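Text of data.cif (mmCIF, C-alpha atoms and all ligand atoms) as supplied:
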```cif
data_upload
#
loop_
_atom_site.group_PDB
_atom_site.id
_atom_site.type_symbol
_atom_site.label_atom_id
_atom_site.label_comp_id
_atom_site.auth_asym_id
_atom_site.auth_seq_id
_atom_site.Cartn_x
_atom_site.Cartn_y
_atom_site.Cartn_z
ATOM 1 C CA MET I 684 4.116 14.103 -2.711
ATOM 2 C CA ASP I 685 1.852 15.279 -5.488
ATOM 3 C CA ALA I 686 -1.105 16.277 -3.318
ATOM 4 C CA ILE I 687 -0.547 19.899 -4.331
ATOM 5 C CA ASP I 688 -1.605 18.988 -7.893
ATOM 6 C CA PHE I 689 -4.826 17.235 -6.809
ATOM 7 C CA THR I 690 -7.999 18.535 -8.514
ATOM 8 C CA ASP I 691 -11.713 17.717 -8.579
ATOM 9 C CA GLU I 692 -11.153 16.251 -12.031
ATOM 10 C CA TYR I 693 -8.666 13.729 -10.593
ATOM 11 C CA TYR I 694 -11.118 12.875 -7.840
ATOM 12 C CA ASP I 695 -13.868 12.128 -10.351
ATOM 13 C CA TRP I 696 -11.452 10.210 -12.561
ATOM 14 C CA ILE I 697 -10.286 7.948 -9.703
ATOM 15 C CA LYS I 698 -13.867 7.422 -8.602
ATOM 16 C CA GLU I 699 -14.938 6.407 -12.093
ATOM 17 C CA LEU I 700 -12.005 3.966 -12.435
ATOM 18 C CA SER I 701 -12.771 2.511 -9.000
ATOM 19 C CA LYS I 702 -15.954 0.916 -10.307
ATOM 20 C CA HIS I 703 -13.972 -1.474 -12.510
ATOM 21 C CA PRO I 704 -14.307 -5.035 -11.130
ATOM 22 C CA LYS I 705 -10.532 -5.499 -11.060
ATOM 23 C CA ILE I 706 -10.046 -2.569 -8.676
ATOM 24 C CA VAL I 707 -9.797 -4.082 -5.184
ATOM 25 C CA ALA I 708 -8.603 -1.146 -3.050
ATOM 26 C CA ILE I 709 -7.894 2.584 -3.063
ATOM 27 C CA GLY I 710 -4.304 3.677 -2.498
ATOM 28 C CA GLU I 711 -1.641 4.240 -1.742
ATOM 29 C CA MET I 712 -2.881 7.334 0.039
ATOM 30 C CA GLY I 713 -1.661 9.004 3.197
ATOM 31 C CA LEU I 714 0.937 11.442 4.411
ATOM 32 C CA ASP I 715 4.623 11.744 3.582
ATOM 33 C CA TYR I 716 6.524 14.327 5.600
ATOM 34 C CA HIS I 717 9.893 13.186 4.272
ATOM 35 C CA TRP I 718 9.513 15.209 1.070
ATOM 36 C CA ASP I 719 8.342 18.804 1.144
ATOM 37 C CA LYS I 720 6.794 19.172 -2.301
ATOM 38 C CA SER I 721 3.278 19.442 -0.822
ATOM 39 C CA PRO I 722 2.548 21.356 2.409
ATOM 40 C CA LYS I 723 1.174 19.283 5.286
ATOM 41 C CA ASP I 724 -2.240 20.955 5.323
ATOM 42 C CA ILE I 725 -2.755 20.172 1.622
ATOM 43 C CA GLN I 726 -1.635 16.567 2.117
ATOM 44 C CA LYS I 727 -4.096 16.201 4.988
ATOM 45 C CA GLU I 728 -6.958 17.662 2.962
ATOM 46 C CA VAL I 729 -6.320 15.361 -0.010
ATOM 47 C CA PHE I 730 -5.891 12.355 2.294
ATOM 48 C CA LYS I 731 -9.295 13.068 3.850
ATOM 49 C CA ARG I 732 -10.952 13.369 0.452
ATOM 50 C CA GLN I 733 -9.425 10.082 -0.687
ATOM 51 C CA ILE I 734 -10.714 8.327 2.429
ATOM 52 C CA GLN I 735 -14.166 9.687 1.667
ATOM 53 C CA LEU I 736 -13.819 8.390 -1.888
ATOM 54 C CA ALA I 737 -12.884 4.903 -0.645
ATOM 55 C CA LYS I 738 -15.951 4.955 1.569
ATOM 56 C CA GLU I 739 -18.179 6.063 -1.307
ATOM 57 C CA VAL I 740 -17.015 3.197 -3.527
ATOM 58 C CA ASN I 741 -16.793 0.844 -0.519
ATOM 59 C CA LEU I 742 -13.222 -0.360 -1.054
ATOM 60 C CA PRO I 743 -10.439 -0.904 1.501
ATOM 61 C CA ILE I 744 -7.631 1.628 1.810
ATOM 62 C CA VAL I 745 -3.870 1.167 1.320
ATOM 63 C CA ILE I 746 -2.016 3.607 3.566
ATOM 64 C CA HIS I 747 1.367 5.188 2.878
ATOM 65 C CA ASN I 748 2.857 6.798 5.979
ATOM 66 C CA ARG I 749 6.299 8.316 6.209
ATOM 67 C CA GLU I 750 7.266 10.252 9.320
ATOM 68 C CA ALA I 751 3.629 11.182 9.895
ATOM 69 C CA THR I 752 2.189 8.463 12.168
ATOM 70 C CA ALA I 753 0.341 10.709 14.648
ATOM 71 C CA ASP I 754 -1.395 12.703 11.899
ATOM 72 C CA VAL I 755 -2.252 9.574 9.889
ATOM 73 C CA ILE I 756 -3.916 7.979 12.912
ATOM 74 C CA GLU I 757 -5.764 11.169 13.788
ATOM 75 C CA ILE I 758 -7.201 11.391 10.265
ATOM 76 C CA LEU I 759 -8.115 7.684 10.103
ATOM 77 C CA LYS I 760 -10.114 8.292 13.279
ATOM 78 C CA SER I 761 -11.726 11.606 12.309
ATOM 79 C CA GLU I 762 -12.769 10.294 8.868
ATOM 80 C CA ASN I 763 -14.121 6.984 10.233
ATOM 81 C CA ALA I 764 -11.808 5.004 7.976
ATOM 82 C CA HIS I 765 -12.632 1.867 9.993
ATOM 83 C CA GLU I 766 -15.861 1.606 7.977
ATOM 84 C CA VAL I 767 -13.859 0.271 5.028
ATOM 85 C CA GLY I 768 -10.584 -0.603 6.808
ATOM 86 C CA GLY I 769 -7.491 -1.539 4.883
ATOM 87 C CA VAL I 770 -3.780 -2.089 5.258
ATOM 88 C CA MET I 771 -0.782 -0.144 6.562
ATOM 89 C CA HIS I 772 1.615 -0.594 3.644
ATOM 90 C CA SER I 773 5.255 -1.254 4.528
ATOM 91 C CA PHE I 774 4.526 -0.673 8.201
ATOM 92 C CA SER I 775 7.519 0.721 10.079
ATOM 93 C CA GLY I 776 5.902 1.708 13.391
ATOM 94 C CA SER I 777 6.145 0.250 16.881
ATOM 95 C CA PRO I 778 4.142 -2.666 18.332
ATOM 96 C CA GLU I 779 2.073 -0.032 20.217
ATOM 97 C CA THR I 780 1.196 1.771 16.980
ATOM 98 C CA CYS I 781 0.424 -1.627 15.437
ATOM 99 C CA ASP I 782 -2.169 -2.250 18.168
ATOM 100 C CA GLU I 783 -3.658 1.176 17.597
ATOM 101 C CA VAL I 784 -4.184 0.677 13.850
ATOM 102 C CA LEU I 785 -5.549 -2.856 14.352
ATOM 103 C CA LYS I 786 -8.289 -1.278 16.479
ATOM 104 C CA LEU I 787 -9.112 1.002 13.522
ATOM 105 C CA ASN I 788 -9.777 -2.043 11.289
ATOM 106 C CA PHE I 789 -6.419 -1.851 9.502
ATOM 107 C CA ILE I 790 -4.047 -4.778 9.118
ATOM 108 C CA ILE I 791 -0.252 -4.703 8.858
ATOM 109 C CA SER I 792 1.866 -5.262 5.771
ATOM 110 C CA LEU I 793 5.573 -5.995 6.083
ATOM 111 C CA GLY I 794 8.126 -5.947 3.281
ATOM 112 C CA GLY I 795 11.875 -6.086 2.736
ATOM 113 C CA PRO I 796 12.900 -3.990 5.778
ATOM 114 C CA VAL I 797 11.923 -6.827 8.156
ATOM 115 C CA THR I 798 14.956 -8.703 6.780
ATOM 116 C CA PHE I 799 17.412 -5.868 7.543
ATOM 117 C CA LYS I 800 19.714 -6.571 10.482
ATOM 118 C CA ASN I 801 19.104 -3.221 12.213
ATOM 119 C CA ALA I 802 15.316 -3.100 11.592
ATOM 120 C CA LYS I 803 14.267 -3.354 15.250
ATOM 121 C CA GLN I 804 10.673 -2.107 14.878
ATOM 122 C CA PRO I 805 9.642 -4.261 11.887
ATOM 123 C CA LYS I 806 11.127 -7.341 13.585
ATOM 124 C CA ALA I 807 9.324 -6.521 16.846
ATOM 125 C CA VAL I 808 6.060 -6.033 14.939
ATOM 126 C CA ALA I 809 6.576 -9.294 12.999
ATOM 127 C CA GLN I 810 6.630 -11.093 16.354
ATOM 128 C CA HIS I 811 3.850 -9.049 17.937
ATOM 129 C CA VAL I 812 1.099 -8.793 15.315
ATOM 130 C CA PRO I 813 -1.570 -11.548 15.309
ATOM 131 C CA LEU I 814 -0.902 -13.768 12.281
ATOM 132 C CA ASP I 815 -4.432 -13.190 10.951
ATOM 133 C CA LYS I 816 -3.729 -9.434 10.795
ATOM 134 C CA LEU I 817 -0.586 -9.618 8.665
ATOM 135 C CA ILE I 818 0.218 -9.631 4.962
ATOM 136 C CA VAL I 819 3.545 -9.521 3.124
ATOM 137 C CA GLU I 820 4.428 -7.286 0.203
ATOM 138 C CA THR I 821 7.163 -6.590 -2.308
ATOM 139 C CA ASP I 822 6.947 -2.822 -2.921
ATOM 140 C CA ALA I 823 9.054 -3.731 -5.971
ATOM 141 C CA PRO I 824 11.187 -2.151 -7.312
ATOM 142 C CA TYR I 825 11.848 -0.689 -3.827
ATOM 143 C CA LEU I 826 12.621 -2.123 -0.373
ATOM 144 C CA THR I 827 14.660 -5.069 -1.638
ATOM 145 C CA PRO I 828 15.149 -7.705 1.108
ATOM 146 C CA HIS I 829 18.500 -8.891 2.409
ATOM 147 C CA PRO I 830 20.752 -10.256 0.816
ATOM 148 C CA TYR I 831 19.747 -8.425 -2.390
ATOM 149 C CA ARG I 832 19.564 -4.995 -0.740
ATOM 150 C CA GLY I 833 20.742 -2.276 -3.123
ATOM 151 C CA LYS I 834 19.569 -4.188 -6.183
ATOM 152 C CA ARG I 835 16.214 -3.776 -7.915
ATOM 153 C CA ASN I 836 13.469 -5.589 -5.982
ATOM 154 C CA GLU I 837 11.420 -8.299 -7.714
ATOM 155 C CA PRO I 838 8.139 -9.867 -6.546
ATOM 156 C CA MET I 839 9.828 -13.283 -6.159
ATOM 157 C CA HIS I 840 11.907 -11.874 -3.279
ATOM 158 C CA VAL I 841 8.768 -11.616 -1.126
ATOM 159 C CA LYS I 842 9.545 -15.204 -0.118
ATOM 160 C CA LEU I 843 12.492 -13.854 1.894
ATOM 161 C CA VAL I 844 10.112 -11.578 3.808
ATOM 162 C CA ALA I 845 7.820 -14.478 4.724
ATOM 163 C CA GLU I 846 10.833 -16.638 5.690
ATOM 164 C CA GLU I 847 12.180 -13.966 8.034
ATOM 165 C CA ILE I 848 8.756 -13.532 9.671
ATOM 166 C CA ALA I 849 8.542 -17.325 10.129
ATOM 167 C CA ASN I 850 12.007 -17.349 11.769
ATOM 168 C CA LEU I 851 11.105 -14.473 14.071
ATOM 169 C CA ARG I 852 7.856 -16.162 15.160
ATOM 170 C CA GLY I 853 9.343 -19.632 15.390
ATOM 171 C CA ILE I 854 6.782 -21.118 12.995
ATOM 172 C CA SER I 855 7.046 -22.639 9.520
ATOM 173 C CA TYR I 856 7.365 -20.666 6.309
ATOM 174 C CA GLU I 857 4.329 -22.584 4.996
ATOM 175 C CA GLU I 858 2.161 -21.376 7.860
ATOM 176 C CA VAL I 859 3.130 -17.745 7.249
ATOM 177 C CA ALA I 860 2.592 -18.112 3.494
ATOM 178 C CA GLU I 861 -0.804 -19.776 3.871
ATOM 179 C CA GLN I 862 -2.197 -17.372 6.467
ATOM 180 C CA THR I 863 -0.910 -14.161 4.849
ATOM 181 C CA THR I 864 -2.373 -15.303 1.517
ATOM 182 C CA LYS I 865 -5.716 -15.921 3.228
ATOM 183 C CA ASN I 866 -5.539 -12.479 4.822
ATOM 184 C CA ALA I 867 -4.783 -10.799 1.492
ATOM 185 C CA GLU I 868 -7.681 -12.628 -0.176
ATOM 186 C CA GLN I 869 -10.009 -11.579 2.603
ATOM 187 C CA LEU I 870 -8.886 -7.947 2.510
ATOM 188 C CA PHE I 871 -9.014 -7.638 -1.276
ATOM 189 C CA GLY I 872 -12.170 -9.715 -1.733
ATOM 190 C CA GLY I 873 -10.910 -12.984 -3.140
ATOM 191 C CA LEU I 874 -8.035 -11.515 -5.117
ATOM 192 C CA GLY I 875 -6.595 -13.968 -7.622
ATOM 193 C CA LYS I 876 -9.580 -16.283 -7.654
HETATM 194 ZN ZN ZN I 901 4.459 3.796 -0.147
#
```
Please express the file's structure as structure tokens.
Amino acid sequence: MDAIDFTDEYYDWIKELSKHPKIVAIGEMGLDYHWDKSPKDIQKEVFKRQIQLAKEVNLPIVIHNREATADVIEILKSENAHEVGGVMHSFSGSPETCDEVLKLNFIISLGGPVTFKNAKQPKAVAQHVPLDKLIVETDAPYLTPHPYRGKRNEPMHVKLVAEEIANLRGISYEEVAEQTTKNAEQLFGGLGK
């Protein structure tokens, strides 16, 4: 949204902050065609620069994509984002798109929408994605899972996301919790240890 305000000073500032040992990834970055504050060509340019930054500091990328899947994938390819990889935050694409981003060294993150009754794609992806390529997220205060939809989201509600994924896959909640935690630790380099 704010790509139009991006400057070299911000770039240098983010890069400097990225060296702090508690910084485990660069993001969210990406494209959002839902809002029209920043023109597409500017968003694309800033997205590319941020990918380059992530590669320079050798940290994984957290992708935000809204109504821009084709362009996001094209840029991930052209900028060789697979070198650092990362995660598709709050993934809302199809199982086919899921396969495509997995090939680019990105894993899938699902949040509250997977619990919504009419969320066909997230449910299909929850069943389709290999369990070692999946993490769960809160996106708090947004994307509150059912049955708290409409209220402010809290991190504790992420349990409902993992429970729904377990139901959809026909496996235990514990298995989903354990594996997605492992995946997050691997992606973010031993986060929380
Ligand atoms: Zn986002």
Ligand ZN 901 (chain I) neighbours within 9 Å using all atoms listed in the file, as an MDAnalysis selection string: chainID I and resid 711:713 715 745:749 772:773 822
Nearest to Gly872 of chain I among I:Asn741, I:Gln735, I:Ser721, I:Asn788, with distances taken over all atoms listed in the file: which residue is it?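 Checking each candidate against Gly872 of chain I, we get I:Asn741 as the closest.
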For the provided coordinates, the residues matched by the PyMOL selection byres (((chain I and resi 862) around 12) and not hetatm) should be stated as a list in words.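 What the PyMOL selection byres (((chain I and resi 862) around 12) and not hetatm) grabs from the file is Pro813, Leu814, Asp815, Lys816, Leu817, Ile818, Val819, Ala845, Ala849, Ile854, Ser855, Tyr856, Glu857, Glu858, Val859, Ala860, Glu861, Thr863, Thr864, Lys865, Asn866, Ala867, Glu868 and Gln869 of chain I.
When all atoms listed in the file are used to compute distances to Ile790 of chain I, the closest of the residues I:Glu766, I:Ile744, I:Ile687, I:Leu826 turns out to be I:Ile744.
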d(atom CA of Arg835 of chain I, atom CA of Val797 of chain I) in Å: 16.9 Å
Between atom CA of Gly794 of chain I and atom CA of Phe871 of chain I, distance in Å (one decimal): 17.8 Å
Please enumerate the residues selected by the PyMOL selection byres (((chain I and resi 727) around 10) and not hetatm) when evaluated against the supplied file, formatted as a PyMOL selection string. chain I and resi 686+713-715+721-726+728-733+754-755+758
For the file shown, what are the residues hit by the PyMOL selection byres (((chain I and resi 842) around 10) and not hetatm), laid out as an NGL selection string? :I and (794-795 or 819-821 or 828 or 838-841 or 843-848 or 856 or 860)
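Between Val770 of chain I and the candidates I:Leu870, I:Ile756, I:Glu692, I:His703, the tightest atom-to-atom separation, counting all atoms listed in the file, involves I:Leu870.
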What gap, in Å, lies between atom CA of Thr798 of chain I and atom CA of Pro778 of chain I?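 Computing it gives 16.9 Å between the two atoms.
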When distances are computed from all atoms listed in the file, which of I:Phe789, I:Glu783, I:Gly853, I:Val707 shows the smallest separation from Met771 of chain I? I:Phe789
Up to 10 Å from (13.7, -0.4, 17.2) in the file's coordinates: name the residues, counting all atoms listed in the file, as a PyMOL selection string. chain I and resi 775-778+801-808
Smallest atom-to-atom distance to Ser701 of chain I: which of I:Ala751, I:Asp688, I:Leu736, I:Ala809, using all atoms listed in the file?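 With all atoms listed in the file as the atom set, the closest residue is I:Leu736.
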